[in-house]
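Colleague: Starting off with a structure, shown below.
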Amino acid sequence: MDADCVIVGGGPAGMVAGLLFARAGVKTLVLEKHGDFLRDFRGDTVHPSTLAIFHELGLLDALLRRPHDEVTQLGGLVAGQAIRFAEFSGLKAPAPFIAMMPQWEFLDFVADAARRYPAFTLRQNAEAAALIEEGGRVAGVRLAGGEEVLARLTIACDGRHSVLRDRSGLPSKTIGAPMDVFWFRLPKPRGPNRSMGVFDTGLILALIDRGDYWQCAFVFAKGSADRVRGDGLEAFRARIARAAPDLAEATGALASWDEVKLLTVTVDRLERWHRPGLLVIGDAAHAMSPIGGVGINLAVQDAVAAANALAGPMARGEDPDPLLHKVEDRRLWPTRMTQGMQKAAQDRIIAPLLGSSTPLARPPLVARLFDRFAFLRRIPARVIGMGFRPEHVRSPEA
Ligand SMILES: Cc1cc2nc3c(=O)[nH]c(=O)nc-3n(C[C@H](O)[C@H](O)[C@H](O)COP(=O)(O)OP(=O)(O)OC[C@H]3O[C@@H](n4cnc5c(N)ncnc54)[C@H](O)[C@@H]3O)c2cc1C
């Protein structure tokens with residue numbers, strides 16, 4: 001046996017699970033196909049629910065020493081008017097704000113914290129290609145080079161394009177999304193974090209403030225990427241400038257379509273998250289809509305729930321198989337609830353807005369009410385910031 005627990009994928013789900021299983025004394029091996037954490041196509045939002053987990057682990061102060069901005073309210077431009085949507089400062093949480101932290105900083109921090117435990121190993125440049133099955137149960141994974149890694153439990157945390165989920169035969173359900181995203185950078189002067197959303201006729205733009213540049217997500221109707229590209233780069237720049245006039249000058253920095261990456265939005269979930277010897281969590285179990293930017297935090301919550309149910313018993317040498325259902329029992333409901341709300345927002349707000357050609361004269365009534373009444377802004381803050389059924393660390397420290 002190479003490990004008690006092999007975790008495939010060093011994203012938020014895999015790294016936090018790795019930390020917690022190793023902390024409990026379970027011999028844990030995380031396999032990550034890339035050589036570093038420096039990938040750009042990931043979110044930057046560490047929500048109050050995740051910060052609360054690090055508080056419980058005694059690691060919050062150290063985490064917040066990593067470069068980040070603290071965002072206490074989310075808002076945006078709707079029909080050119082500034083609107084506040086969510087107010088986090090009233091949340092009952094140890095850190096009632098979103099920490100805007102590049103995901104590579106977050107993952108690097110978790111890796112450092114996990115390395116303090118002798119039971120933890122992270123292997124990078126190690127890509128899992130298949131499940132190894134023995135006697136009807138999963139006994140580990142085969143790497144792309146053919147090497148076999150055997151373990152009592154395999155946890156698939158290999159993200160939304162999970163190979164292990166595909167190989168597992170577990171049943172899944174597609175929820176779908178009416179949009180795709182172009183992802184690119186625009187320069188900006190340094191200053192207070194101004195991350196925001198821009199909502200206008202036929203266009204949604206999410207702007208993540210990364211200090212000296214905006215990481216921009218240009219949201220458009222699914223399947224129309226070629227049409228947007230076909231209109232030309234000049235028209236693309238003009239659409240951005242029309243919706244966000246402050247960015248007009250910065251759009252000049254966009255020199256070619258090579259700088260604009262297409263991200264296809266998928267929303268789905270497994271209806272069953274486990275088989276003997278195998279557990280699937282994070283995006284591999286449920287690719288989330290970008291609405292609310294909750295993917296990282298759900299992945300972390302899954303990891304905490306998995307460690308709560310399994311790490312202690314595994315450290316005592318118990319068989320994990322009869323316990324695997326506990327993770328799904330705990331996390332499928334919050335996943336369904338979150339995706340249900342995302343789908344409602346997709347169908348009722350995003351799709352009509354992206355499909356419309358009638359200019360928005362002013363923000364809709366509901367947006368104006370949110371802006372006016374602070375108590376309304378606490379509802380999305382709670383749903384986005386803490387999520388449904390927040391987890392607490394119950395797994396032991398060896
Ligand atoms: C452009 C973009 C912006 C986003 N913005 C936000 C945001 O602002 N806030 C938010 O909360 N969420 C955001 N998300 C979603 C968020 O990134 C995911 O929900 C979250 O990262 C899921 O964590 P995970 O650990 O389950 O999977 P991932 O983060 O996808 O990690 C999977 C890991 O597994 C590795 N891997 C994959 N296959 C293999 C293999 N076969 N063998 C070994 N390793 C493998 C990958 O390299 C990766 O490191 C965004 C996503 C995208 C694409």
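Ordering of the structure tokens sets the chain letters (A, B, ...), residue numbers begin anew at 1 in every chain, and ligands are numbered from 1 in the order given.
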Please produce, as a tab-separated table, a per-residue contact table for chain A versus ligand 1 (criterion: any atom at most 8 Å away, only C-alpha atoms and all ligand atoms considered), showing the nearest atom pair and its distance in Å to one decimal, sorted by chain then residue number.
Modeller:
residue	atom	partner	partner_atom_place_in_ligand_line	distance
A:Val8	CA	ligand 1	43 (C)	5.1
A:Gly9	CA	ligand 1	34 (O)	3.1
A:Gly10	CA	ligand 1	49 (O)	4.5
A:Gly11	CA	ligand 1	31 (O)	3.4
A:Pro12	CA	ligand 1	25 (O)	3.9
A:Ala13	CA	ligand 1	25 (O)	3.7
A:Gly14	CA	ligand 1	25 (O)	5.4
A:Met15	CA	ligand 1	25 (O)	7.4
A:Leu31	CA	ligand 1	43 (C)	5.3
A:Glu32	CA	ligand 1	44 (N)	3.8
A:Lys33	CA	ligand 1	44 (N)	4.0
A:His34	CA	ligand 1	47 (O)	5.4
A:Phe37	CA	ligand 1	49 (O)	6.9
A:Asp40	CA	ligand 1	1 (C)	7.4
A:Phe41	CA	ligand 1	1 (C)	4.2
A:Arg42	CA	ligand 1	17 (O)	4.1
A:Gly43	CA	ligand 1	5 (N)	3.0
A:Asp44	CA	ligand 1	8 (O)	4.8
A:Thr45	CA	ligand 1	9 (N)	4.6
A:Val46	CA	ligand 1	11 (O)	6.9
A:His47	CA	ligand 1	11 (O)	7.7
A:Asn125	CA	ligand 1	43 (C)	7.8
A:Ala126	CA	ligand 1	43 (C)	5.8
A:Glu127	CA	ligand 1	42 (N)	3.6
A:Ala128	CA	ligand 1	42 (N)	3.9
A:Ala129	CA	ligand 1	41 (N)	5.5
A:Leu143	CA	ligand 1	42 (N)	7.6
A:Cys157	CA	ligand 1	26 (O)	5.3
A:Asp158	CA	ligand 1	34 (O)	3.6
A:Gly159	CA	ligand 1	30 (O)	3.5
A:Arg160	CA	ligand 1	30 (O)	5.9
A:His161	CA	ligand 1	38 (N)	7.0
A:Ser162	CA	ligand 1	38 (N)	5.8
A:Val163	CA	ligand 1	41 (N)	5.7
A:Leu164	CA	ligand 1	41 (N)	7.1
A:Trp183	CA	ligand 1	1 (C)	6.7
A:Ile208	CA	ligand 1	8 (O)	7.9
A:Ala217	CA	ligand 1	1 (C)	7.5
A:Leu263	CA	ligand 1	1 (C)	6.7
A:Ile281	CA	ligand 1	26 (O)	6.5
A:Gly282	CA	ligand 1	26 (O)	3.4
A:Asp283	CA	ligand 1	26 (O)	3.8
A:Ala284	CA	ligand 1	26 (O)	5.8
A:Ala285	CA	ligand 1	26 (O)	7.8
A:Ala287	CA	ligand 1	19 (O)	6.6
A:Met288	CA	ligand 1	19 (O)	6.2
A:Pro290	CA	ligand 1	14 (N)	6.2
A:Gly292	CA	ligand 1	9 (N)	7.4
A:Gly293	CA	ligand 1	9 (N)	3.6
A:Val294	CA	ligand 1	11 (O)	3.7
A:Gly295	CA	ligand 1	19 (O)	3.1
A:Ile296	CA	ligand 1	11 (O)	3.7
A:Asn297	CA	ligand 1	11 (O)	5.4
A:Leu298	CA	ligand 1	19 (O)	7.2
A:Ala299	CA	ligand 1	26 (O)	5.0
A:Val300	CA	ligand 1	23 (O)	7.5
Colleague: DSSP on the backbone: which residues in segment 196-390 of chain A end up as strand (DSSP E or B)? Give the answer as a ChimeraX atom specification.
Modeller: /A:196-200,203-209,213-221,261-263,268-270,274-275,278-280
Colleague: I need the residues of segment 140-344 of chain A that end up classed as helix (DSSP H, G or I) by DSSP on the backbone, written out as a PyMOL selection string.
Modeller: chain A and resi 163-168+225-230+233-243+245-247+250-253+257-259+282-284+295-315+321-323+325-344
Colleague: With segment 63-66 of chain A as the partner and 8 Å as the cut-off, tabulate the residues of segment 93-196 of chain A that qualify, each row holding the nearest pair of atoms and their distance in Å to one decimal, using only C-alpha atoms, sorted by chain and rising number, as CSV.
Modeller:
residue,atom,partner,partner_atom,distance
A:Met101,CA,A:Arg66,CA,7.9
A:Glu105,CA,A:Arg66,CA,6.9
A:Phe106,CA,A:Leu63,CA,7.7
A:Phe109,CA,A:Leu63,CA,6.8
Colleague: Skipping near chain neighbours, those fewer than 3 positions away, what residues fall within 9 Å of Trp257 of chain A using only C-alpha atoms, listed as a ChimeraX atom specification?
Modeller: /A:229,232-233,254,260-261
Colleague: Can you write out the residues you just picked, keeping N, CA and C atoms, as a PDB file, in the first residue's frame?
Modeller:
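The file below, again28.pdb, is the result:
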ATOM      1  N   ARG A 229     -16.599  36.955 -31.617  1.00  0.00           N
ATOM      2  CA  ARG A 229     -15.270  37.127 -32.244  1.00  0.00           C
ATOM      3  C   ARG A 229     -15.432  37.695 -33.653  1.00  0.00           C
ATOM      4  N   GLY A 232     -15.428  41.300 -34.396  1.00  0.00           N
ATOM      5  CA  GLY A 232     -14.125  41.983 -34.396  1.00  0.00           C
ATOM      6  C   GLY A 232     -13.733  42.502 -33.020  1.00  0.00           C
ATOM      7  N   LEU A 233     -12.417  42.664 -32.855  1.00  0.00           N
ATOM      8  CA  LEU A 233     -11.877  43.076 -31.559  1.00  0.00           C
ATOM      9  C   LEU A 233     -12.298  44.503 -31.206  1.00  0.00           C
ATOM     10  N   LEU A 254      -5.853  45.485 -25.080  1.00  0.00           N
ATOM     11  CA  LEU A 254      -6.210  44.165 -25.623  1.00  0.00           C
ATOM     12  C   LEU A 254      -5.780  44.117 -27.088  1.00  0.00           C
ATOM     13  N   VAL A 260      -7.642  36.511 -25.244  1.00  0.00           N
ATOM     14  CA  VAL A 260      -9.003  36.301 -24.724  1.00  0.00           C
ATOM     15  C   VAL A 260      -9.298  34.799 -24.759  1.00  0.00           C
ATOM     16  N   LYS A 261      -9.391  34.187 -23.567  1.00  0.00           N
ATOM     17  CA  LYS A 261      -9.600  32.728 -23.502  1.00  0.00           C
ATOM     18  C   LYS A 261     -11.087  32.419 -23.333  1.00  0.00           C
TER      19      LYS A 261
END
Colleague: Between atom CA of Arg210 of chain A and atom CA of Ala114 of chain A, what is the distance, to one decimal in Å?
Modeller: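 A separation of 26.5 Å between them.
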